[in-house]
Every structure is written in structure tokens, then in C-alpha cells.
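Peer 1: input_38.txt is reproduced in full below (compact mmCIF, C-alpha atoms).
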# COMPACT_ATOMS: atom_id res chain seq x y z
CA MET Z 274 18.73 -24.09 -4.55
CA GLU Z 275 17.52 -20.50 -4.15
CA TYR Z 276 13.85 -19.95 -3.30
CA TYR Z 277 12.06 -17.03 -4.91
CA LYS Z 278 8.47 -15.92 -4.41
CA ALA Z 279 6.40 -16.37 -7.56
CA VAL Z 280 5.99 -12.67 -8.23
CA THR Z 281 6.48 -10.42 -11.21
CA ILE Z 282 7.87 -6.97 -10.52
CA MET Z 283 8.33 -4.13 -12.98
CA LEU Z 284 10.97 -1.56 -12.19
CA VAL Z 285 10.62 1.82 -13.94
CA GLU Z 286 13.93 3.54 -13.27
CA ASP Z 287 16.31 5.45 -15.53
CA ASP Z 288 19.41 5.48 -13.30
CA PRO Z 289 21.64 2.44 -13.97
CA GLY Z 290 23.16 2.61 -10.47
CA ASP Z 291 19.74 2.53 -8.80
CA GLN Z 292 18.59 -0.21 -11.19
CA LYS Z 293 21.53 -2.31 -10.07
CA LEU Z 294 20.96 -1.65 -6.34
CA ILE Z 295 17.27 -2.51 -6.56
CA LYS Z 296 17.85 -5.64 -8.67
CA THR Z 297 20.53 -6.82 -6.23
CA SER Z 298 18.21 -6.20 -3.26
CA LEU Z 299 15.31 -8.07 -4.91
CA ARG Z 300 17.61 -10.99 -5.68
CA GLU Z 301 19.32 -11.12 -2.28
CA GLN Z 302 15.99 -10.86 -0.42
CA HIS Z 303 14.80 -13.83 -2.55
CA ILE Z 304 11.89 -11.88 -4.02
CA THR Z 305 12.65 -12.17 -7.71
CA ASN Z 306 15.68 -12.79 -9.85
CA THR Z 307 14.08 -11.42 -12.97
CA PRO Z 308 12.33 -8.06 -12.56
CA VAL Z 309 11.20 -6.38 -15.76
CA VAL Z 310 13.39 -3.27 -15.94
CA VAL Z 311 12.54 -0.29 -18.15
CA GLY Z 312 14.12 3.15 -18.21
CA SER Z 313 11.18 5.48 -18.80
CA GLY Z 314 7.43 5.95 -18.49
CA GLU Z 315 7.01 5.51 -22.26
CA GLU Z 316 8.83 2.18 -22.26
CA ALA Z 317 6.84 1.01 -19.26
CA LEU Z 318 3.50 1.82 -20.90
CA GLU Z 319 4.60 0.19 -24.13
CA TYR Z 320 5.50 -2.99 -22.22
CA LEU Z 321 2.18 -3.03 -20.33
CA HIS Z 322 0.08 -2.47 -23.46
CA LYS Z 323 1.99 -5.20 -25.29
CA THR Z 324 1.48 -7.53 -22.32
CA LYS Z 325 -2.25 -6.78 -22.33
CA SER Z 326 -2.63 -7.41 -26.06
CA GLU Z 327 -0.67 -10.67 -25.92
CA GLU Z 328 -2.59 -11.79 -22.78
CA THR Z 329 0.61 -12.66 -20.96
CA ILE Z 330 1.36 -11.94 -17.32
CA LEU Z 331 0.94 -8.40 -16.02
CA PRO Z 332 3.23 -7.39 -13.14
CA ASP Z 333 2.10 -7.99 -9.56
CA LEU Z 334 3.73 -4.73 -8.53
CA ILE Z 335 5.34 -1.72 -10.20
CA LEU Z 336 8.24 0.15 -8.56
CA LEU Z 337 8.30 3.65 -10.01
CA ASP Z 338 10.87 6.41 -9.99
CA LEU Z 339 9.30 9.87 -10.23
CA ASN Z 340 11.93 11.89 -12.02
CA MET Z 341 12.89 10.50 -15.42
CA PRO Z 342 13.51 12.08 -18.82
CA GLY Z 343 10.49 12.09 -21.15
CA MET Z 344 7.36 10.76 -19.52
CA GLY Z 345 8.04 10.96 -15.80
CA GLY Z 346 6.61 8.86 -13.01
CA ARG Z 347 3.61 11.09 -12.32
CA GLU Z 348 2.25 10.96 -15.87
CA PHE Z 349 2.89 7.21 -16.05
CA LEU Z 350 0.98 6.72 -12.79
CA ARG Z 351 -1.90 8.87 -14.04
CA GLN Z 352 -2.18 6.82 -17.25
CA VAL Z 353 -1.99 3.44 -15.50
CA LYS Z 354 -4.70 4.39 -13.01
CA ALA Z 355 -6.93 5.67 -15.84
CA ASP Z 356 -6.73 2.33 -17.68
CA THR Z 357 -9.35 -0.16 -16.48
CA GLU Z 358 -7.15 -3.13 -17.42
CA LEU Z 359 -4.11 -1.82 -15.55
CA GLU Z 360 -5.51 0.18 -12.63
CA SER Z 361 -5.55 -2.75 -10.20
CA ILE Z 362 -1.75 -3.12 -10.35
CA PRO Z 363 -0.26 -1.54 -7.20
CA VAL Z 364 2.29 1.14 -8.07
CA VAL Z 365 4.82 2.00 -5.37
CA VAL Z 366 6.84 5.19 -5.79
CA LEU Z 367 10.57 4.77 -5.13
CA THR Z 368 12.36 8.10 -5.34
CA THR Z 369 15.07 10.30 -3.84
CA SER Z 370 12.49 12.96 -2.93
CA ASP Z 371 10.78 13.07 0.45
CA ALA Z 372 9.17 16.44 -0.27
CA ASP Z 373 5.61 16.60 1.08
CA ARG Z 374 4.28 17.82 -2.28
CA ASP Z 375 5.67 14.75 -4.09
CA ILE Z 376 4.20 12.41 -1.47
CA LEU Z 377 0.76 14.06 -1.57
CA GLU Z 378 0.71 14.21 -5.38
CA SER Z 379 1.67 10.52 -5.64
CA PHE Z 380 -1.18 9.45 -3.37
CA ARG Z 381 -3.62 11.76 -5.13
CA LEU Z 382 -2.69 9.79 -8.27
CA GLN Z 383 -3.37 6.54 -6.35
CA ALA Z 384 0.12 5.31 -5.60
CA ALA Z 385 0.02 2.30 -3.26
CA GLY Z 386 3.11 3.26 -1.29
CA TYR Z 387 5.97 5.73 -1.18
CA ILE Z 388 9.57 4.88 -0.44
CA LYS Z 389 12.50 7.27 -0.19
CA LYS Z 390 15.49 5.63 -1.84
CA PRO Z 391 18.13 4.67 0.69
CA VAL Z 392 21.75 5.52 -0.08
CA ASN Z 393 23.47 2.17 0.30
CA LEU Z 394 22.87 -1.52 -0.32
CA PRO Z 395 22.23 -2.67 3.29
CA GLU Z 396 19.58 0.02 3.74
CA PHE Z 397 18.11 -0.80 0.32
CA GLN Z 398 17.84 -4.45 1.38
CA ASP Z 399 16.06 -3.50 4.61
CA VAL Z 400 13.58 -1.35 2.72
CA ILE Z 401 12.97 -4.00 0.05
CA GLN Z 402 12.33 -6.47 2.89
CA THR Z 403 9.70 -4.11 4.33
CA LEU Z 404 8.11 -3.79 0.87
CA SER Z 405 8.14 -7.55 0.38
CA ASP Z 406 6.76 -8.27 3.87
CA TYR Z 407 3.81 -6.03 3.09
CA TRP Z 408 2.98 -6.88 -0.52
CA PHE Z 409 4.09 -10.50 -0.75
CA THR Z 410 3.62 -11.82 2.79
CA ILE Z 411 0.58 -10.15 4.33
CA CYS Z 412 -1.35 -8.76 1.35
CA LYS Z 413 -3.64 -10.75 -0.89
CA ARG Z 414 -3.09 -9.91 -4.53
CA VAL Z 415 -4.95 -9.68 -7.82
CA VAL Z 416 -4.35 -12.72 -10.00
CA HIS Z 417 -3.04 -11.27 -13.27
CA ASP Z 418 -1.80 -14.57 -14.65
CA PRO Z 419 -4.42 -15.74 -17.19
CA VAL Z 420 -3.08 -19.34 -17.08
CA LYS Z 421 -3.34 -19.40 -13.28
CA GLN Z 422 -6.81 -17.84 -13.40
CA TYR Z 423 -7.88 -20.48 -15.94
CA SER Z 424 -6.56 -23.36 -13.85
CA GLU Z 425 -8.05 -21.93 -10.62
CA SER Z 426 -11.46 -21.66 -12.23
CA PHE Z 427 -11.35 -25.41 -12.92
CA THR Z 428 -10.16 -26.44 -9.46
CA CYS Z 429 -12.62 -28.90 -7.86
CA MET L 252 -18.57 8.45 17.29
CA ALA L 253 -14.79 8.51 17.20
CA THR L 254 -12.84 7.19 20.12
CA VAL L 255 -9.21 8.12 20.50
CA ASP L 256 -6.49 5.77 21.52
CA ARG L 257 -2.90 6.77 22.06
CA GLY L 258 -0.66 4.00 20.96
CA SER L 259 2.72 2.69 21.86
CA GLN L 260 6.13 4.09 22.56
CA LEU L 261 7.44 7.29 21.04
CA ALA L 262 10.08 6.70 18.41
CA ASN L 263 11.32 10.25 18.50
CA GLY L 264 13.43 11.18 15.51
CA ILE L 265 15.04 7.81 15.03
CA VAL L 266 15.41 5.81 11.85
CA LEU L 267 13.71 2.46 12.40
CA LYS L 268 15.30 -0.44 10.54
CA GLY L 269 13.58 -1.13 7.24
CA CYS L 270 11.63 2.11 7.48
CA ILE L 271 10.48 3.40 4.08
CA MET L 272 11.49 6.93 5.08
CA LYS L 273 12.68 8.72 8.18
CA TYR L 274 10.04 8.69 10.92
CA GLU L 275 10.39 11.66 13.25
CA GLY L 276 7.96 10.60 15.95
CA LYS L 277 5.03 12.50 14.46
CA MET L 278 1.52 11.41 15.36
CA VAL L 279 -0.04 9.00 12.87
CA HIS L 280 -3.82 9.31 12.58
CA VAL L 281 -5.48 6.05 11.53
CA LEU L 282 -9.20 5.66 10.89
CA LEU L 283 -10.48 2.16 11.63
CA VAL L 284 -13.82 1.28 10.05
CA GLU L 285 -14.96 -1.92 11.74
CA ASN L 286 -18.33 -2.97 13.17
CA ASP L 287 -17.16 -6.01 15.15
CA LEU L 288 -16.13 -5.08 18.69
CA GLY L 289 -13.79 -8.07 19.02
CA ASP L 290 -11.99 -7.15 15.81
CA GLN L 291 -11.77 -3.50 16.91
CA LYS L 292 -10.03 -4.66 20.07
CA LEU L 293 -7.72 -7.01 18.17
CA ILE L 294 -6.60 -4.25 15.79
CA ARG L 295 -6.31 -1.62 18.54
CA THR L 296 -4.11 -3.91 20.65
CA ALA L 297 -1.88 -4.83 17.70
CA ILE L 298 -1.40 -1.15 16.80
CA MET L 299 -0.46 -0.33 20.39
CA HIS L 300 2.36 -2.87 20.11
CA THR L 301 4.01 -1.02 17.20
CA ASP L 302 6.88 1.49 17.51
CA TYR L 303 4.84 4.48 16.36
CA MET L 304 2.75 7.24 17.95
CA VAL L 305 -0.75 6.47 16.74
CA ASN L 306 -4.15 8.07 17.26
CA LEU L 307 -6.66 5.41 16.32
CA HIS L 308 -10.10 6.77 15.49
CA VAL L 309 -12.71 4.04 15.43
CA VAL L 310 -16.06 4.10 13.64
CA SER L 311 -18.48 1.23 13.16
CA SER L 312 -19.80 1.74 9.64
CA ALA L 313 -18.97 3.16 6.22
CA GLU L 314 -21.57 5.88 6.73
CA GLU L 315 -19.92 6.96 10.00
CA ALA L 316 -16.53 6.93 8.28
CA ILE L 317 -17.75 9.30 5.56
CA GLU L 318 -19.34 11.51 8.21
CA TYR L 319 -16.01 11.56 10.11
CA LEU L 320 -14.08 12.63 6.97
CA GLN L 321 -16.64 15.31 6.11
CA LYS L 322 -16.58 16.73 9.63
CA GLY L 323 -12.79 16.89 9.35
CA LEU L 324 -13.15 19.39 6.51
CA VAL L 325 -14.51 21.97 8.98
CA ASP L 326 -13.23 20.71 12.34
CA LEU L 327 -9.72 19.31 11.91
CA ARG L 328 -9.00 19.53 15.64
CA ASN L 329 -11.66 17.00 16.63
CA TYR L 330 -11.64 15.05 13.38
CA PRO L 331 -8.02 14.96 12.19
CA LYS L 332 -7.45 13.80 8.62
CA PRO L 333 -6.30 10.18 8.68
CA GLY L 334 -3.07 9.20 6.94
CA LEU L 335 -4.43 5.69 6.59
CA VAL L 336 -7.84 4.01 6.64
CA LEU L 337 -8.17 0.39 7.77
CA LEU L 338 -11.45 -0.82 6.30
CA ASP L 339 -13.58 -3.87 6.97
CA LEU L 340 -15.62 -5.03 3.98
CA ASN L 341 -18.66 -6.73 5.43
CA MET L 342 -20.63 -4.26 7.51
CA PRO L 343 -24.30 -3.33 7.66
CA GLY L 344 -25.30 -0.41 5.42
CA MET L 345 -23.21 0.59 2.41
CA GLY L 346 -20.31 -1.63 3.52
CA GLY L 347 -16.60 -1.33 2.82
CA LYS L 348 -16.84 -1.28 -0.96
CA GLY L 349 -19.42 1.51 -0.75
CA PHE L 350 -17.02 3.56 1.36
CA LEU L 351 -14.13 2.92 -1.01
CA LYS L 352 -16.19 4.01 -4.00
CA VAL L 353 -17.31 7.25 -2.33
CA ALA L 354 -13.92 8.13 -0.81
CA LYS L 355 -11.96 7.56 -4.02
CA ALA L 356 -14.41 9.66 -6.05
CA ASP L 357 -14.03 12.66 -3.72
CA ASN L 358 -11.11 15.02 -4.33
CA ASN L 359 -10.92 15.80 -0.62
CA PHE L 360 -10.32 12.20 0.39
CA CYS L 361 -9.00 10.31 -2.65
CA SER L 362 -5.36 10.67 -1.56
CA ILE L 363 -5.92 8.79 1.71
CA PRO L 364 -4.60 5.23 1.37
CA VAL L 365 -7.24 2.63 2.21
CA VAL L 366 -6.15 -0.85 3.29
CA ILE L 367 -8.79 -3.57 3.48
CA VAL L 368 -8.74 -5.71 6.64
CA THR L 369 -11.37 -8.41 6.31
CA SER L 370 -12.19 -12.03 6.91
CA SER L 371 -13.07 -12.51 3.24
CA ASP L 372 -10.57 -14.24 0.99
CA LEU L 373 -12.83 -14.27 -2.06
CA GLN L 374 -10.75 -13.48 -5.14
CA SER L 375 -13.65 -11.37 -6.47
CA ASP L 376 -13.47 -9.17 -3.34
CA ILE L 377 -9.71 -8.85 -3.71
CA ASP L 378 -9.98 -7.93 -7.39
CA ASP L 379 -12.86 -5.47 -6.80
CA CYS L 380 -10.98 -3.64 -4.04
CA TYR L 381 -7.77 -3.22 -6.03
CA GLN L 382 -9.86 -2.09 -9.00
CA MET L 383 -11.23 0.63 -6.68
CA HIS L 384 -7.65 1.60 -5.74
CA ALA L 385 -7.33 -0.04 -2.35
CA ALA L 386 -3.71 0.16 -1.18
CA GLY L 387 -3.62 -3.36 0.20
CA TYR L 388 -5.84 -6.27 1.17
CA ILE L 389 -5.22 -8.14 4.41
CA GLN L 390 -7.11 -11.12 5.71
CA LYS L 391 -7.86 -11.19 9.43
CA THR L 392 -6.42 -14.08 11.34
CA ALA L 393 -7.81 -15.78 14.45
CA SER L 394 -4.52 -15.74 16.34
CA PRO L 395 -3.72 -12.42 18.09
CA GLN L 396 0.03 -13.22 17.96
CA GLU L 397 -0.10 -13.75 14.22
CA PHE L 398 -2.21 -10.62 13.78
CA ASP L 399 0.31 -8.61 15.83
CA GLN L 400 3.02 -9.62 13.36
CA ILE L 401 0.82 -8.64 10.43
CA ILE L 402 0.17 -5.20 11.91
CA GLN L 403 3.91 -4.77 12.62
CA LYS L 404 4.61 -5.31 8.93
CA LEU L 405 1.78 -2.99 7.91
CA ALA L 406 3.01 -0.30 10.33
CA ARG L 407 6.57 -0.39 9.01
CA TYR L 408 5.29 0.01 5.45
CA TRP L 409 2.59 2.65 6.06
CA PHE L 410 3.03 4.67 9.23
CA PRO L 411 6.07 6.81 8.29
CA VAL L 412 4.30 8.03 5.15
CA SER L 413 0.90 8.21 6.88
CA ALA L 414 2.46 10.67 9.35
CA VAL L 415 3.14 12.96 6.37
CA LEU L 416 -0.24 12.41 4.73
CA ASN L 417 -2.24 13.42 7.80
CA SER L 418 -0.32 16.64 8.33
Is it possible to express this structure as C-alpha cells?

Peer 2:
Amino acid sequence: MEYYKAVTIMLVEDDPGDQKLIKTSLREQHITNTPVVVGSGEEALEYLHKTKSEETILPDLILLDLNMPGMGGREFLRQVKADTELESIPVVVLTTSDADRDILESFRLQAAGYIKKPVNLPEFQDVIQTLSDYWFTICKRVVHDPVKQYSESFTC
Amino acid sequence: MATVDRGSQLANGIVLKGCIMKYEGKMVHVLLVENDLGDQKLIRTAIMHTDYMVNLHVVSSAEEAIEYLQKGLVDLRNYPKPGLVLLDLNMPGMGGKGFLKVAKADNNFCSIPVVIVTSSDLQSDIDDCYQMHAAGYIQKTASPQEFDQIIQKLARYWFPVSAVLNS
């Protein structure tokens, strides 16, 4: 039986090839088998607002491409960090650019990490392992799950 | 008062396995805000065991940390801009949360990632810090070996990009 960490990851990525690589890496590193995958900033915001209104589980982490048609990663990041109900979700930029201006702009907008996309699956898996080691092994996280929060508040 | 510590072996221009981007051996400036001398030593030693060139600048309070950043605006040579802040929460004075609030509200400093390194595992502290845009929350451990491994993981995730942010 495969073991997966109990985490919810949202992937905001328009390129089907990169979607596949990242999903495969997340699965093969036993992080999650079911990331929420959306193809644009608009879709991602729509999903998050729907999740908020239905009081279901917000993602533990968002992986964000910068360059997408329509609402790009920067505007999405700006809107998430301006929303008091969403701002505590860490957003990690995952992009082909390693230009200094993109890195600086992402952190100015309060990204919680910046990863240059590797070019092949083995490198992708190594990078996803680094990401997972940081966020899901050594970092404490916000509890977004209302059911879990409810049950924890009644733990004796 | 900032003390400078040169860390570890030079990884000059090599791609370290699992690195989030290419690390070219550039100096990484890290500001450690920690009042406990034992914890300062623990963190300093763990950082020296990583594969990166690190200048660790140590201050003992949130107030000193803000003073360090402000001095850096006019004297970058002696007060280089950090590409990462490691922040204790429970310190005399304004404390870690006070620093986070001030730093994130200032356009000069808001882009510096701040990672909390604390003994507190209170969920309210965790939630508050992420709400104030902390870029991670790590609980200190008693075992130096275990803490070394934690700092190795933190270094692999942060130091390549921190080297860009402090340039």
C-alpha cells in the first residue's frame, strides 16, 4: 500500500507537459496522488473562493507558474496575499525563469519560495523532494481543515 | 551588534542535487534574530555544516534586527541585506511577531523571506506567523544532530534563492 502525506496541494500551471511532470513527481515522491490542478490564475481564484464559501479544505500549499494566459501568476499572488482568508497559504513559484527581476518581484508579493523548473523527470523529482522536505517534514503548517480544527479543539 | 561567521565549504558553480535553482557559490547573507546564546550556537554550527557559503549576522532582539536592516540602507558594506531572516519568537522587547509586523509593512524589507525558528508549537503562533507572511515555521529540537538535518533541508530550499535576494 502506498503511503502519502496528508497534504492538499494546488497546482496552478497552464502547460500540460509540466502539469504531468509535476503530478508524476508528487505521486512518485509519495506526497500526494491528488493535487488540485488548474490552468490559470482565474480558475485558481475561483476554486479558492468556492472552497472558502463551502467551508471545505483550503490547500496546504500552492505551486504557481508565473507566465500563463489571462491572469498570470503575479496578479494571482497579489490577490491571494491581499485576502485575509487566503493569505496564510504558502505560495511557491515554480517557473522556467530565473531572472533576478522575477525572483525579487515574487518575494515582494510574498511568495514563500521560488523554484526554477528542471528540464527532466529525475531533476523534477529531486526538486519536489527538496520542497517536500521543507514544507511537509520540517515546517509546521496552518490547519486549514475545518473538520480537523473542530476535532482538535475538543481533544482532551 | 552583528557578528560575522563564514560558513562551510565553497560549492563553486556546481548544481547541488535537489537544488531549487543553480547555486554558483555566491555568498548567502543570513540574519539570525535570537536572544538565547545556546540556540545561537546551535544554529551557527548547523549552518556551518551546510554546503553553502554563508555570512551569518547575529542579533539578539527584534529591535536590533530592525536597526541592522535600517543601517543596511545607508551602509551596505557593513550591514549587507540578508537574503533570509531566521527569527525566534519569544524574546524580550517587541519579540518576533513585532519584528515580522514591522518588516513586512516596510517596502524596503518586505521582500526578505522570514522563517520562524522557535520552541513554540502553539497552533495560534503558527497561524499568526503565516498570517503575517512568514515563509516557514520550524520548531527547535533538543538534539543537535536532528537540528543539523533540519538546517540541511532548510538550506537546500532557501540558500540558492537567498543568494540572489541579498545581491

Peer 1: Which distance in Å separates atom CA of L:Asp339 and atom CA of L:Tyr388, to one decimal?

Peer 2: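 So the two atoms, atom CA of L:Asp339 and atom CA of L:Tyr388, lie 10.0 Å apart.
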
Peer 1: Which polymer residues, whether protein, DNA or RNA, lie within 10 Å of the coordinate (-19.0, -6.3, 4.1) when you count all atoms listed in the file? List them as a count of residues only, using the chain letters and numbers from the file.

Peer 2: 20

Peer 1: Enter the distance from atom CA of L:Ile363 to atom CA of Z:Ala385, in Å, rounded to one decimal.

Peer 2: 10.1 Å

Peer 1: Mind running chain L against chain Z at 9 Å and telling me each contacting residue's nearest atom pair with the distance in Å (one decimal), counting all atoms listed in the file, chain and number ascending, as CSV?

Peer 2:
residue,atom,partner,partner_atom,distance
L:Lys268,CA,Z:Asp399,CA,6.7
L:Gly269,CA,Z:Asp399,CA,4.3
L:Cys270,CA,Z:Val400,CA,6.2
L:Ile271,CA,Z:Ile388,CA,4.8
L:Met272,CA,Z:Lys389,CA,5.4
L:Lys273,CA,Z:Lys389,CA,8.5
L:Lys355,CA,Z:Gln383,CA,9.0
L:Asn358,CA,Z:Arg381,CA,8.2
L:Phe360,CA,Z:Arg381,CA,8.7
L:Cys361,CA,Z:Arg381,CA,6.1
L:Ser362,CA,Z:Arg381,CA,4.1
L:Ile363,CA,Z:Phe380,CA,7.0
L:Pro364,CA,Z:Ala385,CA,7.2
L:Asp372,CA,Z:Lys413,CA,8.0
L:Gln374,CA,Z:Val415,CA,7.4
L:Ser375,CA,Z:Val415,CA,9.0
L:Ile377,CA,Z:Val415,CA,6.3
L:Asp378,CA,Z:Val415,CA,5.3
L:Asp379,CA,Z:Ser361,CA,8.5
L:Cys380,CA,Z:Ser361,CA,8.3
L:Tyr381,CA,Z:Ser361,CA,4.7
L:Gln382,CA,Z:Ser361,CA,4.5
L:Met383,CA,Z:Ser361,CA,7.5
L:His384,CA,Z:Gln383,CA,6.6
L:Ala385,CA,Z:Ala385,CA,7.8
L:Ala386,CA,Z:Ala385,CA,4.8
L:Gly387,CA,Z:Cys412,CA,6.0
L:Tyr388,CA,Z:Cys412,CA,5.1
L:Ile389,CA,Z:Cys412,CA,5.0
L:Gln390,CA,Z:Lys413,CA,7.5
L:Ile401,CA,Z:Ile411,CA,6.3
L:Lys404,CA,Z:Tyr407,CA,5.9
L:Leu405,CA,Z:Tyr407,CA,6.0
L:Arg407,CA,Z:Thr403,CA,6.7
L:Tyr408,CA,Z:Thr403,CA,6.1
L:Trp409,CA,Z:Gly386,CA,7.4
L:Val412,CA,Z:Tyr387,CA,6.9
L:Val415,CA,Z:Asp373,CA,6.9
L:Leu416,CA,Z:Leu377,CA,6.6

Peer 1: Counting only C-alpha atoms, which residue out of Z:Val285, Z:Asn393, Z:Thr369, Z:Thr307 sits closest to Z:Tyr320?

Peer 2: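 Of the candidates, the smallest distance to Z:Tyr320 is held by Z:Val285.
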
Peer 1: Quote the spacing between atom CA of L:Leu320 and atom CA of L:Pro333 in Å to one decimal place.

Peer 2: 8.3 Å

Peer 1: Which polymer residues, protein or nucleic acid, are no farther than 12 Å from (1.0, 3.3, -23.1), counting all atoms listed in the file, as a list in words?

Peer 2: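 It turns out the residues near that spot are Ser313, Gly314, Glu315, Glu316, Ala317, Leu318, Glu319, Tyr320, Leu321, His322, Lys323, Thr324, Lys325, Ser326, Met344, Glu348, Phe349, Leu350, Arg351, Gln352, Val353, Lys354, Ala355, Asp356, Glu358 and Leu359 of chain Z.
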
Peer 1: Rank L:Leu335, L:His308, L:Ala297, L:Ala354 by their smallest atom-to-atom distance to L:Pro411, using all atoms listed in the file, and report the top residue only.

Peer 2: L:Leu335

Peer 1: May I ask which of the residues L:Gly334, L:Gln291, L:Gln396, L:Tyr303 is the closest one to L:Glu275, counting only C-alpha atoms?

Peer 2: L:Tyr303
